[in-house]
Structures are given as C-alpha cells and as structure tokens.
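What follows is a set of notes on a single structure, which appears directly below.
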Amino acid sequence: MTTNTSTGAADITTAIAEVEASRTRLDLAKSAPKVFRAIVGFDAAARAGLDPALVELIQIRASLLNHCAYCLHMHTNDARKAGESEDRLHMVAVWREARHFFTPREQAALALTEALTLVADAGVPDTVYAEAAAHFDEEELAHVIAMICTINTWNRVALSTGKVAGTDERKG
C-alpha cells in the first residue's frame, strides 16, 4: 500500500495552526511562571560547559524515547541550525546499530540518556554509568545527568500540556 506523503509547507503550517487553536490544556509558563522560570534556569545551568551538539543529541534521544513530538521537532531543528548532519539526526533513534556515526563519548551519553530516561525499567546499570564516567570528568558528567533530567522534565511538561509539534514558543 502506498500513501501520498507530499504535504506542502503551507498545508503543514495550516494544520499546525488548526491544532494549536484547538488546544485546551494549560500553558505552564502563564499558569506557574515561577516554576517555568525555574525549569529554564535548570536547563541553562545543566547545559553550561557542554558541547552544544552533545546537548542536542541528548535532547533528541530522550524526546524520541518519551514520544515527545514537540521537543523532537524543536531539537532536531536546533541541531540542524547548529550544523548537525541529516545523517546523524536520522541515526539517533538507532544509534546502537549505527555507532560509527557517533563518537565513543556521544555513545556513552546516549546510553546514559536511555538508562536515565527509562530509569523505571532497569535503573541506571553500573556498566552504563562507568562508561559515561570514563568519557566525562565529574563536572561534565554531573552536567550530562542534569541535561538528561532537564529534557525529561521538558518532555513531560510538553506532553502533559498538549504542546503541538511544529510550534516553538521560545523567544529569540
């Protein structure tokens, strides 16, 4: 069975606008501004000193695992703007089968992202933690862990408040 997937940019823009207009869930930034600002501050502190490309890989992998289309759309676009290749973006979902696209350091961060994002499944195995610790000094590792926690928080905010993929409410 073949489906026609050639949707024009105007069609997508119209569809996004229609979905956004029908959204009925609260806006966390308006309803709890102090909470929202705290998450923004946590995010900024977590990413400080980390390679921006690594930050985007972490955010993309967690967003894939959490099925957060809003964050996935935002962070794949951010990664492209930062110069990330389409090949690597396509391989994030299957990075274990495409390890040659990623450095050992990135692989360690992706594995830790999976373990921490899916922490209820099996915790964070010692082997995953040890591999990450072998590639990051203590301060970097603390920031990687914080970045993983941050994107998981953003994913949960976006999913619970019905954020629409294709919109990006950040200023700038």
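Going by the structure tokens order, chains are called A, B, ..., each with residues numbered from 1, while ligands are numbered from 1 in the order shown.
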Can you check which parts of segment 122-165 of chain A lie within 9 Å of segment 44-51 of chain A? Per residue, the shortest pair of atoms and distance in Å to one decimal, counting only C-alpha atoms, sorted by chain and number, as JSON lines.
```
{"residue": "A:Glu140", "atom": "CA", "partner": "A:Leu50", "partner_atom": "CA", "distance": 7.0}
{"residue": "A:Ala142", "atom": "CA", "partner": "A:Ala46", "partner_atom": "CA", "distance": 8.2}
{"residue": "A:His143", "atom": "CA", "partner": "A:Ala46", "partner_atom": "CA", "distance": 5.0}
{"residue": "A:Val144", "atom": "CA", "partner": "A:Ala46", "partner_atom": "CA", "distance": 7.2}
{"residue": "A:Ile145", "atom": "CA", "partner": "A:Ala46", "partner_atom": "CA", "distance": 8.1}
{"residue": "A:Ala146", "atom": "CA", "partner": "A:Ala46", "partner_atom": "CA", "distance": 5.2}
{"residue": "A:Met147", "atom": "CA", "partner": "A:Ala46", "partner_atom": "CA", "distance": 5.0}
{"residue": "A:Ile148", "atom": "CA", "partner": "A:Ala46", "partner_atom": "CA", "distance": 8.7}
{"residue": "A:Cys149", "atom": "CA", "partner": "A:Ala46", "partner_atom": "CA", "distance": 8.9}
{"residue": "A:Thr150", "atom": "CA", "partner": "A:Ala46", "partner_atom": "CA", "distance": 7.4}
```
Quick one: write out the picked residues with all heavy atoms as a compact mmCIF listing (two decimals), in the first residue's frame?
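Here's the written file part.txt:
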```
# COMPACT_ATOMS: atom_id res chain seq x y z
N GLU A 140 31.58 17.43 34.14
CA GLU A 140 30.86 17.20 32.88
C GLU A 140 29.77 16.16 33.05
O GLU A 140 28.65 16.33 32.56
CB GLU A 140 31.83 16.73 31.79
CG GLU A 140 32.80 17.75 31.30
CD GLU A 140 33.83 17.14 30.38
OE1 GLU A 140 34.32 16.01 30.65
OE2 GLU A 140 34.15 17.78 29.37
N ALA A 142 28.18 15.39 35.75
CA ALA A 142 27.08 15.99 36.50
C ALA A 142 26.20 16.82 35.58
O ALA A 142 24.96 16.77 35.68
CB ALA A 142 27.64 16.86 37.63
N HIS A 143 26.81 17.54 34.64
CA HIS A 143 26.03 18.36 33.70
C HIS A 143 25.28 17.48 32.70
O HIS A 143 24.14 17.81 32.33
CB HIS A 143 26.94 19.37 32.98
CG HIS A 143 27.26 20.55 33.84
ND1 HIS A 143 26.59 21.74 33.73
CD2 HIS A 143 28.17 20.72 34.82
CE1 HIS A 143 27.07 22.59 34.61
NE2 HIS A 143 28.04 21.99 35.29
N VAL A 144 25.88 16.39 32.27
CA VAL A 144 25.18 15.46 31.36
C VAL A 144 23.95 14.89 32.07
O VAL A 144 22.85 14.86 31.51
CB VAL A 144 26.12 14.33 30.86
CG1 VAL A 144 25.33 13.22 30.19
CG2 VAL A 144 27.17 14.90 29.90
N ILE A 145 24.12 14.45 33.31
CA ILE A 145 22.99 13.91 34.07
C ILE A 145 21.91 14.98 34.24
O ILE A 145 20.72 14.71 34.04
CB ILE A 145 23.46 13.35 35.44
CG1 ILE A 145 24.29 12.08 35.22
CG2 ILE A 145 22.27 13.10 36.37
CD1 ILE A 145 25.03 11.59 36.46
N ALA A 146 22.32 16.19 34.58
CA ALA A 146 21.36 17.28 34.74
C ALA A 146 20.65 17.58 33.42
O ALA A 146 19.44 17.83 33.41
CB ALA A 146 22.05 18.53 35.28
N MET A 147 21.39 17.53 32.30
CA MET A 147 20.78 17.78 30.99
C MET A 147 19.73 16.72 30.68
O MET A 147 18.66 17.03 30.16
CB MET A 147 21.87 17.81 29.91
CG MET A 147 21.42 18.34 28.58
SD MET A 147 21.16 20.12 28.63
CE MET A 147 19.39 20.21 28.46
N ILE A 148 20.04 15.48 30.99
CA ILE A 148 19.07 14.38 30.78
C ILE A 148 17.84 14.62 31.64
O ILE A 148 16.70 14.47 31.17
CB ILE A 148 19.72 13.01 31.07
CG1 ILE A 148 20.88 12.74 30.10
CG2 ILE A 148 18.68 11.90 31.01
CD1 ILE A 148 21.81 11.61 30.52
N CYS A 149 18.04 15.01 32.90
CA CYS A 149 16.89 15.30 33.77
C CYS A 149 16.08 16.47 33.23
O CYS A 149 14.84 16.45 33.25
CB CYS A 149 17.37 15.60 35.19
SG CYS A 149 18.08 14.17 36.03
N THR A 150 16.78 17.48 32.72
CA THR A 150 16.09 18.66 32.20
C THR A 150 15.21 18.31 31.02
O THR A 150 14.04 18.70 30.98
CB THR A 150 17.12 19.74 31.78
OG1 THR A 150 17.90 20.10 32.91
CG2 THR A 150 16.43 20.98 31.26
```
**Report entry** Contacts of segment 110-117 of chain A within 9 Å, only C-alpha atoms, excl. fewer than 3 positions in-chain, as number ranges by chain
**Finding:** A: 57-59, 61-62, 65-66, 92, 95-96, 105-107, 120-125, 128-129, 131-132, 144-145, 148-149, 152
Selection to disk with C-alpha atoms, as a PDB file, in the first residue's frame:
```
ATOM      1  CA  LEU A  57      21.826  14.583  20.821  1.00  0.00           C
ATOM      2  CA  ILE A  58      20.772  14.047  24.443  1.00  0.00           C
ATOM      3  CA  GLN A  59      17.591  16.076  23.950  1.00  0.00           C
ATOM      4  CA  ARG A  61      17.269  10.807  22.157  1.00  0.00           C
ATOM      5  CA  ALA A  62      15.206  11.470  25.277  1.00  0.00           C
ATOM      6  CA  LEU A  65      12.098   7.698  23.930  1.00  0.00           C
ATOM      7  CA  ASN A  66       9.377   9.817  25.539  1.00  0.00           C
ATOM      8  CA  VAL A  92      19.968   8.922  16.727  1.00  0.00           C
ATOM      9  CA  TRP A  95      22.491   4.735  17.339  1.00  0.00           C
ATOM     10  CA  ARG A  96      23.467   1.301  18.682  1.00  0.00           C
ATOM     11  CA  ARG A 105      31.808   9.923  24.145  1.00  0.00           C
ATOM     12  CA  GLU A 106      28.488  10.559  22.360  1.00  0.00           C
ATOM     13  CA  GLN A 107      27.623   6.866  22.562  1.00  0.00           C
ATOM     14  CA  ALA A 120      11.883   2.650  35.907  1.00  0.00           C
ATOM     15  CA  ASP A 121      12.742  -0.251  33.590  1.00  0.00           C
ATOM     16  CA  ALA A 122      16.142  -1.224  34.976  1.00  0.00           C
ATOM     17  CA  GLY A 123      17.625   1.670  36.889  1.00  0.00           C
ATOM     18  CA  VAL A 124      20.956   3.009  35.668  1.00  0.00           C
ATOM     19  CA  PRO A 125      23.214  -0.034  35.238  1.00  0.00           C
ATOM     20  CA  VAL A 128      26.351   2.376  31.619  1.00  0.00           C
ATOM     21  CA  TYR A 129      27.385   4.739  34.399  1.00  0.00           C
ATOM     22  CA  GLU A 131      31.200   4.032  30.542  1.00  0.00           C
ATOM     23  CA  ALA A 132      29.907   7.574  30.879  1.00  0.00           C
ATOM     24  CA  VAL A 144      25.178  15.460  31.362  1.00  0.00           C
ATOM     25  CA  ILE A 145      22.993  13.910  34.074  1.00  0.00           C
ATOM     26  CA  ILE A 148      19.075  14.384  30.780  1.00  0.00           C
ATOM     27  CA  CYS A 149      16.891  15.302  33.768  1.00  0.00           C
ATOM     28  CA  ASN A 152      12.877  14.648  30.589  1.00  0.00           C
TER      29      ASN A 152
END
```
Query - DSSP alpha helix (DSSP H) selection over chain A, as a ChimeraX atom specification - result: /A:9-22,28-31,33-47,52-65,69-81,86-91,104-117,119-122,126-135,138-160
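When only C-alpha atoms are used to compute distances to Leu64 of chain A, the closest of the residues A:Ala82, A:Phe42, A:Ala133, A:Asn155 turns out to be A:Asn155.
With distances restricted to only C-alpha atoms, A:Cys68 is the closest residue to Val164 of chain A from A:Cys68, A:Leu118, A:Ala38, A:Ala10.
If you measure from each of A:Leu28, A:Leu72, A:Ala134, A:Ala98 to Asp168 of chain A using only C-alpha atoms, the closest one turns out to be A:Leu72.
Between atom CA of Phe36 of chain A and atom CA of Ile151 of chain A the separation is 13.4 Å.
In this model, the gap between atom CA of Ser63 of chain A and atom CA of Thr153 of chain A comes to 10.4 Å.
Between atom CA of Gly8 of chain A and atom CA of Asn77 of chain A the separation is 17.9 Å.
Restricting the calculation to only C-alpha atoms, the smallest distance between His135 of chain A and any of A:Val119, A:Ala158, A:Gly41, A:Pro104 is found for A:Pro104.
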